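Quick look at upload36.cif (mmCIF, C-alpha atoms):
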data_run
loop_
_atom_site.label_atom_id
_atom_site.label_comp_id
_atom_site.auth_asym_id
_atom_site.auth_seq_id
_atom_site.Cartn_x
_atom_site.Cartn_y
_atom_site.Cartn_z
CA MET M 1 0.00 0.00 0.00
CA GLU M 2 1.13 3.53 -0.78
CA GLN M 3 2.90 5.37 2.05
CA PHE M 4 1.41 8.61 3.33
CA ALA M 5 2.78 11.36 5.55
CA PRO M 6 1.22 10.80 9.00
CA VAL M 7 -1.84 12.87 9.84
CA LYS M 8 -1.61 13.97 13.49
CA ARG M 9 -3.93 15.75 15.87
CA SER M 10 -3.15 19.46 15.75
CA GLU M 11 -3.60 19.99 19.48
CA ASP M 12 -1.04 17.47 20.74
CA GLY M 13 0.63 15.87 17.70
CA GLN M 14 -0.70 12.44 18.69
CA PRO M 15 -1.99 9.93 16.11
CA VAL M 16 -5.59 10.42 15.02
CA ARG M 17 -7.89 7.84 16.69
CA TYR M 18 -10.57 6.28 14.51
CA LEU M 19 -13.83 4.47 15.11
CA ILE M 20 -14.63 2.33 12.08
CA VAL M 21 -18.29 1.43 11.58
CA ASP M 22 -19.30 -1.04 8.87
CA ASP M 23 -21.32 -4.24 8.94
CA SER M 24 -18.69 -5.90 6.75
CA VAL M 25 -15.66 -7.20 8.66
CA PHE M 26 -13.79 -7.21 5.37
CA ALA M 27 -14.55 -3.51 4.80
CA ARG M 28 -13.54 -2.65 8.39
CA LYS M 29 -10.22 -4.44 8.01
CA ASN M 30 -9.54 -2.65 4.72
CA LEU M 31 -10.33 0.75 6.25
CA ALA M 32 -8.19 -0.11 9.29
CA ARG M 33 -5.22 -0.87 7.05
CA MET M 34 -5.72 2.43 5.25
CA VAL M 35 -5.94 4.60 8.36
CA GLU M 36 -2.90 2.85 9.84
CA SER M 37 -1.01 3.73 6.66
CA PHE M 38 -1.99 7.37 7.38
CA GLY M 39 -0.34 7.06 10.81
CA GLY M 40 -3.68 6.68 12.62
CA GLN M 41 -4.84 4.31 15.35
CA VAL M 42 -7.99 2.22 15.29
CA ALA M 43 -9.63 2.99 18.64
CA GLY M 44 -12.56 0.70 17.97
CA GLU M 45 -14.88 -0.94 15.47
CA ALA M 46 -18.63 -1.42 15.26
CA GLY M 47 -20.86 -3.41 12.94
CA ASP M 48 -24.06 -1.37 13.24
CA GLY M 49 -25.32 2.07 14.19
CA VAL M 50 -26.48 1.18 17.70
CA THR M 51 -23.09 -0.24 18.65
CA ALA M 52 -21.38 2.76 17.03
CA ILE M 53 -23.20 5.18 19.34
CA GLY M 54 -22.11 3.21 22.42
CA GLU M 55 -18.55 2.93 21.17
CA TYR M 56 -18.37 6.64 20.43
CA ASP M 57 -19.46 7.46 24.00
CA ARG M 58 -16.91 5.01 25.37
CA LEU M 59 -13.92 5.83 23.15
CA SER M 60 -14.32 9.50 22.11
CA PRO M 61 -12.49 8.94 18.81
CA ASP M 62 -11.16 11.82 16.70
CA ILE M 63 -12.89 10.58 13.54
CA VAL M 64 -15.68 8.12 12.80
CA LEU M 65 -15.71 6.36 9.43
CA MET M 66 -19.37 5.37 9.07
CA ASP M 67 -21.04 3.10 6.53
CA ILE M 68 -24.67 3.85 5.63
CA THR M 69 -26.47 0.60 4.88
CA MET M 70 -26.24 -1.47 8.06
CA PRO M 71 -28.56 -3.68 10.09
CA GLN M 72 -30.38 -2.43 13.23
CA MET M 73 -29.62 1.25 12.69
CA GLU M 74 -28.32 2.82 9.50
CA GLY M 75 -25.31 5.09 9.43
CA ILE M 76 -27.09 8.39 8.79
CA GLU M 77 -29.35 7.94 11.82
CA ALA M 78 -26.39 6.90 13.97
CA ALA M 79 -24.40 9.93 12.78
CA GLU M 80 -27.31 12.21 13.68
CA LYS M 81 -27.56 10.77 17.19
CA ILE M 82 -23.81 11.00 17.78
CA VAL M 83 -23.64 14.62 16.59
CA ARG M 84 -26.68 15.54 18.70
CA ASP M 85 -24.84 14.38 21.83
CA HIS M 86 -21.34 15.39 20.66
CA PRO M 87 -21.62 18.45 18.37
CA ASN M 88 -17.88 18.40 17.60
CA ALA M 89 -17.91 14.78 16.41
CA ARG M 90 -16.11 14.37 13.09
CA ILE M 91 -18.01 11.79 11.06
CA VAL M 92 -17.04 10.80 7.54
CA MET M 93 -19.62 8.68 5.74
CA VAL M 94 -18.07 5.83 3.72
CA SER M 95 -20.60 4.11 1.53
CA SER M 96 -21.08 2.61 -1.90
CA VAL M 97 -24.49 4.33 -2.06
CA GLY M 98 -23.42 7.82 -3.05
CA TYR M 99 -26.43 9.47 -4.61
CA GLN M 100 -26.99 13.13 -3.98
CA GLU M 101 -30.02 12.65 -1.72
CA ASN M 102 -28.01 10.41 0.60
CA ILE M 103 -25.02 12.73 0.69
CA VAL M 104 -27.19 15.75 1.47
CA ALA M 105 -29.07 13.83 4.18
CA ALA M 106 -25.80 12.78 5.79
CA LEU M 107 -24.32 16.27 5.70
CA GLN M 108 -27.54 17.82 7.02
CA ARG M 109 -27.42 15.44 9.97
CA GLY M 110 -23.90 16.47 10.90
CA ALA M 111 -21.52 14.31 8.85
CA ARG M 112 -18.43 16.26 7.76
CA HIS M 113 -17.72 14.49 4.48
CA PHE M 114 -18.66 11.60 2.21
CA VAL M 115 -16.40 9.04 0.52
CA GLN M 116 -17.78 6.58 -1.98
CA LYS M 117 -16.76 2.91 -2.02
CA PRO M 118 -14.68 1.35 -3.38
CA VAL M 119 -12.45 3.60 -1.28
CA LYS M 120 -9.26 4.86 -2.88
CA PRO M 121 -6.64 5.39 -0.13
CA GLU M 122 -5.48 8.67 -1.65
CA VAL M 123 -9.07 10.02 -1.63
CA LEU M 124 -9.68 9.01 1.99
CA TYR M 125 -6.30 10.48 2.98
CA GLU M 126 -7.21 13.87 1.51
CA VAL M 127 -10.61 13.79 3.21
CA ILE M 128 -9.04 12.96 6.59
CA LYS M 129 -6.51 15.77 6.19
CA TYR M 130 -9.34 18.13 5.23
CA VAL M 131 -11.53 17.17 8.17
CA MET M 132 -8.66 17.42 10.67
CA ARG M 133 -7.37 20.68 9.13
CA ASP M 134 -10.90 22.07 9.14
CA ASP M 135 -10.96 21.74 12.92
CA ALA M 136 -7.50 23.22 13.38
CA ALA M 137 -8.51 26.17 11.21
CA SER M 138 -11.75 26.64 13.19
CA ALA M 139 -9.84 26.62 16.45
CA GLN M 140 -7.33 29.15 15.12
CA GLY M 141 -10.14 31.29 13.71
CA ALA M 142 -11.99 31.24 17.02
CA GLY M 143 -8.78 32.14 18.83
CA ALA M 144 -8.03 35.00 16.46
CA GLY M 145 -11.51 36.42 16.87
CA ALA M 146 -11.49 36.22 20.66
CA MET O 1 -37.06 -6.61 -18.03
CA ARG O 2 -36.10 -3.03 -18.82
CA MET O 3 -32.55 -2.62 -19.96
CA ASP O 4 -32.29 0.86 -18.42
CA LEU O 5 -32.65 -0.82 -15.03
CA ILE O 6 -29.94 -3.36 -15.80
CA GLN O 7 -27.31 -1.26 -17.53
CA PRO O 8 -26.17 0.56 -14.33
CA PHE O 9 -25.49 -2.82 -12.70
CA ILE O 10 -23.37 -3.94 -15.65
CA ASN O 11 -21.46 -0.64 -15.70
CA SER O 12 -20.95 -0.71 -11.95
CA ALA O 13 -19.78 -4.35 -11.86
CA ASP O 14 -17.36 -3.63 -14.68
CA ALA O 15 -15.99 -0.50 -12.95
CA VAL O 16 -15.72 -1.94 -9.43
CA LEU O 17 -14.13 -5.20 -10.60
CA ALA O 18 -11.71 -3.45 -12.96
CA GLN O 19 -10.68 -0.96 -10.27
CA GLY O 20 -10.48 -3.47 -7.44
CA LEU O 21 -8.64 -6.11 -9.43
CA GLN O 22 -6.51 -3.61 -11.35
CA SER O 23 -7.23 -5.32 -14.67
CA PRO O 24 -9.91 -5.11 -17.35
CA THR O 25 -12.96 -7.40 -17.29
CA SER O 26 -15.12 -8.76 -20.08
CA ILE O 27 -18.61 -10.23 -20.17
CA GLU O 28 -18.25 -13.83 -21.21
CA ASN O 29 -21.86 -14.93 -21.13
CA LEU O 30 -25.16 -13.14 -21.00
CA SER O 31 -28.50 -14.90 -20.90
CA MET O 32 -32.06 -14.56 -19.70
CA GLU O 33 -33.19 -17.09 -17.15
CA GLU O 34 -36.72 -17.96 -16.14
CA GLU O 35 -35.82 -20.99 -14.09
CA ALA O 36 -34.95 -20.77 -10.39
CA TYR O 37 -31.42 -19.59 -9.76
CA ARG O 38 -28.83 -22.31 -9.16
CA ARG O 39 -25.97 -21.27 -6.95
CA LYS O 40 -22.51 -21.85 -8.36
CA GLY O 41 -20.33 -21.10 -5.32
CA ILE O 42 -20.44 -18.47 -2.58
CA ALA O 43 -23.37 -16.19 -3.34
CA ALA O 44 -24.52 -12.89 -1.85
CA GLU O 45 -28.02 -11.59 -2.43
CA VAL O 46 -29.12 -7.97 -2.21
CA CYS O 47 -32.83 -7.09 -2.23
CA LEU O 48 -34.29 -3.82 -3.49
CA THR O 49 -37.70 -2.45 -2.56
CA GLY O 50 -39.54 0.64 -3.74
CA GLU O 51 -40.09 1.91 -7.27
CA ILE O 52 -37.73 -0.84 -8.40
CA GLU O 53 -38.13 -4.21 -6.75
CA GLY O 54 -36.27 -7.46 -6.99
CA ARG O 55 -32.89 -8.85 -6.18
CA VAL O 56 -29.34 -9.11 -7.42
CA ILE O 57 -27.12 -12.11 -6.68
CA PHE O 58 -23.34 -12.23 -6.94
CA ASP O 59 -21.78 -15.62 -7.13
CA LEU O 60 -18.10 -16.64 -7.05
CA ASP O 61 -16.45 -20.00 -6.60
CA PRO O 62 -14.45 -20.13 -3.32
CA GLU O 63 -11.03 -20.04 -5.05
CA THR O 64 -11.97 -16.96 -7.05
CA ALA O 65 -13.40 -15.32 -3.91
CA GLY O 66 -10.12 -15.99 -2.07
CA ARG O 67 -8.06 -14.44 -4.87
CA VAL O 68 -10.41 -11.45 -5.07
CA ALA O 69 -10.20 -11.00 -1.26
CA ASN O 70 -6.40 -10.90 -1.40
CA GLN O 71 -6.42 -8.41 -4.23
CA PHE O 72 -8.98 -6.13 -2.59
CA ALA O 73 -7.07 -6.25 0.71
CA GLY O 74 -3.73 -5.65 -1.02
CA ALA O 75 -2.20 -8.51 0.97
CA GLU O 76 -2.19 -12.29 1.23
CA LEU O 77 -4.96 -13.06 3.69
CA PRO O 78 -5.19 -16.25 5.74
CA GLU O 79 -7.57 -18.77 4.19
CA SER O 80 -10.91 -18.55 5.90
CA ALA O 81 -14.45 -19.40 4.87
CA ASP O 82 -15.71 -16.36 6.78
CA LEU O 83 -13.38 -14.07 4.89
CA VAL O 84 -14.48 -15.47 1.55
CA ARG O 85 -18.14 -14.93 2.45
CA GLU O 86 -17.37 -11.41 3.67
CA THR O 87 -15.58 -10.62 0.43
CA VAL O 88 -18.48 -11.73 -1.73
CA CYS O 89 -20.92 -9.68 0.37
CA GLU O 90 -18.72 -6.58 0.27
CA LEU O 91 -18.18 -6.95 -3.47
CA ALA O 92 -21.96 -7.15 -3.92
CA ASN O 93 -22.42 -4.16 -1.65
CA GLN O 94 -19.98 -2.00 -3.61
CA ILE O 95 -21.28 -2.96 -7.05
CA ILE O 96 -24.91 -2.54 -6.11
CA GLY O 97 -24.28 0.67 -4.21
CA ASN O 98 -22.67 2.25 -7.25
CA ALA O 99 -25.48 1.05 -9.53
CA VAL O 100 -28.11 2.35 -7.13
CA THR O 101 -26.36 5.71 -7.08
CA ALA O 102 -26.68 5.95 -10.87
CA LEU O 103 -30.34 4.84 -10.82
CA ASN O 104 -31.24 7.24 -8.04
CA ASP O 105 -29.66 10.11 -9.90
CA GLN O 106 -31.92 9.12 -12.84
CA GLY O 107 -34.96 9.59 -10.61
CA PHE O 108 -35.67 6.04 -9.40
CA HIS O 109 -36.31 5.83 -5.68
CA PHE O 110 -35.93 2.60 -3.77
CA ARG O 111 -34.30 1.06 -0.76
CA VAL O 112 -31.33 -1.28 -0.78
CA HIS O 113 -31.12 -3.90 1.94
CA PRO O 114 -27.81 -5.16 3.34
CA PRO O 115 -26.37 -8.18 1.52
CA THR O 116 -27.19 -11.62 2.84
CA LEU O 117 -25.56 -14.90 2.01
CA HIS O 118 -27.58 -16.93 -0.43
CA THR O 119 -27.23 -20.39 1.04
CA SER O 120 -29.88 -22.50 -0.64
CA GLU O 121 -28.92 -24.47 -3.72
CA THR O 122 -31.68 -22.84 -5.76
CA GLY O 123 -33.37 -19.47 -5.48
CA THR O 124 -36.97 -18.54 -6.08
CA LYS O 125 -38.21 -19.00 -9.59
CA SER O 126 -38.42 -15.77 -11.57
CA SER O 127 -41.94 -14.62 -12.38
CA GLU O 128 -42.94 -13.35 -15.82
CA ASP O 129 -42.02 -9.76 -15.05
CA THR O 130 -38.93 -10.56 -13.02
CA GLU O 131 -37.08 -12.89 -15.34
CA ALA O 132 -33.42 -12.80 -14.46
CA LEU O 133 -30.53 -11.60 -16.53
CA VAL O 134 -27.48 -13.72 -15.84
CA MET O 135 -24.02 -12.60 -16.82
CA CYS O 136 -20.55 -13.88 -16.26
CA PHE O 137 -17.72 -11.37 -15.85
CA ASN O 138 -14.42 -12.82 -16.88
CA THR O 139 -11.70 -11.30 -14.67
CA SER O 140 -8.01 -11.94 -14.20
CA HIS O 141 -8.90 -13.64 -10.89
CA GLY O 142 -11.69 -15.89 -12.16
CA ASN O 143 -15.34 -15.65 -13.11
CA VAL O 144 -17.86 -13.50 -11.26
CA PHE O 145 -21.53 -14.28 -11.93
CA MET O 146 -24.22 -11.63 -11.55
CA ASN O 147 -27.90 -12.53 -11.62
CA VAL O 148 -30.29 -9.57 -11.81
CA ALA O 149 -34.06 -9.93 -11.43
CA LEU O 150 -35.74 -6.54 -11.16
CA ARG O 151 -39.06 -5.05 -12.06
CA TYR O 152 -40.39 -1.56 -12.17
CA ASN O 153 -43.08 -1.12 -9.53
CA ARG O 154 -45.67 1.12 -11.23
CA ARG O 155 -47.95 1.32 -8.21
CA ARG O 156 -45.14 2.63 -6.00
CA ALA O 157 -44.05 5.03 -8.73
CA SER O 158 -47.55 6.48 -9.10
CA GLU O 159 -47.86 6.83 -5.30
CA HIS O 160 -44.56 8.65 -5.29
CA ALA O 161 -45.69 10.94 -8.12
CA ALA O 162 -48.97 11.69 -6.30
CA ILE O 163 -47.11 12.62 -3.12
CA ALA O 164 -44.64 14.76 -5.07
CA GLY O 165 -47.48 16.43 -6.98
#

Output the file's structure as structure tokens, nothing else.
Amino acid sequence: MEQFAPVKRSEDGQPVRYLIVDDSVFARKNLARMVESFGGQVAGEAGDGVTAIGEYDRLSPDIVLMDITMPQMEGIEAAEKIVRDHPNARIVMVSSVGYQENIVAALQRGARHFVQKPVKPEVLYEVIKYVMRDDAASAQGAGAGA
Amino acid sequence: MRMDLIQPFINSADAVLAQGLQSPTSIENLSMEEEAYRRKGIAAEVCLTGEIEGRVIFDLDPETAGRVANQFAGAELPESADLVRETVCELANQIIGNAVTALNDQGFHFRVHPPTLHTSETGTKSSEDTEALVMCFNTSHGNVFMNVALRYNRRRASEHAAIAG
């Protein structure tokens, strides 16, 4: 797999911690390999939306990679519930179902970005950098305005 | 069966397989089937409900599924029946997800259910308006069979139009 410059947390330079949510073990393992190649750590995994909410509360990851079509509770609903309780949650939807309606629904419910499967590592890498940089920029902007 | 419903699945399978396996694919066989589906290897079934209803089955022999799993993972994976089943389901998920994206952007609204393993030797027999299109994608890692049985649900479509209107 291609090597990427590590993406670190801006506040303390530590590796980004990920929660990977997908009902496919195969997809979770693939995403785990990708985020590890970005210098990240897999804090936890979940196979459905309900488990994802519990794992988010328990682990407080920096980023959630969330599938959409899952049993019990779909990813968009889970993302909405997580963001309602944790407004700063960074959730990136990762799904093969990438039609506009779905993307808009996910973003309206608090997801930060959308990546369509099959996931290209270089695309996910840029999205992760963007989502992490977005937060650093917001923090700097808030600081500058204070 | 309407070809405009089928074409996105063919395009998507071709694109996902070619990208994932890093080599071109070709369609070796294409036929209409009215008999019940006979499983060839490890098969994943995805059901669709809404304006378009029916199901799509992906079917790979275990050796092909193992080779595809290794290629998709970018590493030699330990042999495991679970892994092979997971790979077939995820392959189905990605191909169908991309096809659904194209169909939705064309104005068709329906719901995709998570893939399930198709374990019986034969599937349900296709009805007159859901005859199945069966195609075999020849890839560098072996053959991938796709069986598509879909129909356009006019009642749902007219309900949708009435609500929209």

_Just the number, please: distance in Å from atom CA of Met135 of chain O to atom CA of Asp4 of chain O, one decimal._
15.9 Å

Residues of chain M within 9 Å of chain O: nearest atom pair and distance (Å, one decimal) for each, counting only C-alpha atoms, sorted by chain and number, as a Markdown table?
| residue | atom | partner | partner_atom | distance |
| --- | --- | --- | --- | --- |
| M:Met1 | CA | O:Gly74 | CA | 6.8 |
| M:Asp23 | CA | O:Pro114 | CA | 8.6 |
| M:Ser24 | CA | O:Glu86 | CA | 6.4 |
| M:Val25 | CA | O:Glu86 | CA | 6.7 |
| M:Phe26 | CA | O:Glu86 | CA | 5.8 |
| M:Ala27 | CA | O:Glu90 | CA | 6.9 |
| M:Lys29 | CA | O:Ala73 | CA | 8.2 |
| M:Asn30 | CA | O:Ala73 | CA | 5.9 |
| M:Arg33 | CA | O:Ala73 | CA | 8.5 |
| M:Thr69 | CA | O:Pro114 | CA | 6.1 |
| M:Met70 | CA | O:Pro114 | CA | 6.2 |
| M:Pro71 | CA | O:Pro114 | CA | 7.0 |
| M:Ser95 | CA | O:Gly97 | CA | 7.6 |
| M:Ser96 | CA | O:Gly97 | CA | 4.4 |
| M:Val97 | CA | O:Gly97 | CA | 4.2 |
| M:Gly98 | CA | O:Thr101 | CA | 5.4 |
| M:Tyr99 | CA | O:Thr101 | CA | 4.5 |
| M:Gln100 | CA | O:Asp105 | CA | 7.2 |
| M:Glu101 | CA | O:Asn104 | CA | 8.4 |
| M:Gln116 | CA | O:Asn98 | CA | 8.4 |
| M:Lys117 | CA | O:Gln94 | CA | 6.1 |
| M:Pro118 | CA | O:Gln94 | CA | 6.3 |

If you keep C-alpha atoms, can you produce a file of those selected residues as an mmCIF file, keeping the file's coordinate frame?
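So selection_31.cif came out as:
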data_model
loop_
_atom_site.group_PDB
_atom_site.id
_atom_site.type_symbol
_atom_site.label_atom_id
_atom_site.label_comp_id
_atom_site.auth_asym_id
_atom_site.auth_seq_id
_atom_site.Cartn_x
_atom_site.Cartn_y
_atom_site.Cartn_z
ATOM 1 C CA MET M 1 0.000 0.000 0.000
ATOM 2 C CA ASP M 23 -21.320 -4.240 8.940
ATOM 3 C CA SER M 24 -18.690 -5.900 6.750
ATOM 4 C CA VAL M 25 -15.660 -7.200 8.660
ATOM 5 C CA PHE M 26 -13.790 -7.210 5.370
ATOM 6 C CA ALA M 27 -14.550 -3.510 4.800
ATOM 7 C CA LYS M 29 -10.220 -4.440 8.010
ATOM 8 C CA ASN M 30 -9.540 -2.650 4.720
ATOM 9 C CA ARG M 33 -5.220 -0.870 7.050
ATOM 10 C CA THR M 69 -26.470 0.600 4.880
ATOM 11 C CA MET M 70 -26.240 -1.470 8.060
ATOM 12 C CA PRO M 71 -28.560 -3.680 10.090
ATOM 13 C CA SER M 95 -20.600 4.110 1.530
ATOM 14 C CA SER M 96 -21.080 2.610 -1.900
ATOM 15 C CA VAL M 97 -24.490 4.330 -2.060
ATOM 16 C CA GLY M 98 -23.420 7.820 -3.050
ATOM 17 C CA TYR M 99 -26.430 9.470 -4.610
ATOM 18 C CA GLN M 100 -26.990 13.130 -3.980
ATOM 19 C CA GLU M 101 -30.020 12.650 -1.720
ATOM 20 C CA GLN M 116 -17.780 6.580 -1.980
ATOM 21 C CA LYS M 117 -16.760 2.910 -2.020
ATOM 22 C CA PRO M 118 -14.680 1.350 -3.380
#

*Interatomic distance (Å, one decimal) between atom CA of Gly54 of chain O and atom CA of Phe145 of chain O*: 17.0 Å

*To verify the selection step, state as a PyMOL selection string which residues the PyMOL selection byres ((chain M and resi 78-85) around 10) yields on this input.*
chain M and resi 48-54+56-57+64-68+73-77+86-93+105-111

*asked:* Report, in Å with one decimal, the straight-line distance from atom CA of Gln14 of chain M to atom CA of Tyr130 of chain M.
replied: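 Computing it gives 17.0 Å between the two atoms.
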
*Which protein, DNA or RNA residues are at most 6 Å from (-21.8, 15.6, 1.3) in the file's coordinates when you count only C-alpha atoms, listed as a VMD selection string?*
chain M and resid 103 to 104 107 113 to 114

*Measuring atom to atom with all atoms listed in the file, identify which of M:Val35, M:Leu19, M:Ala43, M:Leu59 is nearest to Glu122 of chain M.*
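Selected residue with least distance to Glu122 of chain M: M:Val35.
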
_Reference answer for the PyMOL selection byres ((chain M and resi 5) around 8), as a list of chain:residue names_ = M:Gln3, M:Phe4, M:Pro6, M:Val7, M:Phe38, M:Gly39

*Starting from the displayed file, determine the output of the PyMOL selection byres ((chain O and resi 56) around 6) and express the residue list as a VMD selection string.*
chain O and resid 45 to 46 55 57 147 to 148

_Pick from O:Asn29, O:Ser80, O:Glu53, O:Ala18 nearest to His141 of chain O, counting only C-alpha atoms_ =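 For His141 of chain O, the nearest of the given residues is O:Ala18.
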
*Kindly indicate which residue among M:Asn102, M:Arg9, M:Glu36, M:Pro61 lies nearest to Val21 of chain M, using all atoms listed in the file for the distances.*
M:Pro61

*So, counting only C-alpha atoms, which residue among M:Leu31, M:Val123, M:Ile20, M:Ile63 is closest to Glu45 of chain M?*
M:Ile20
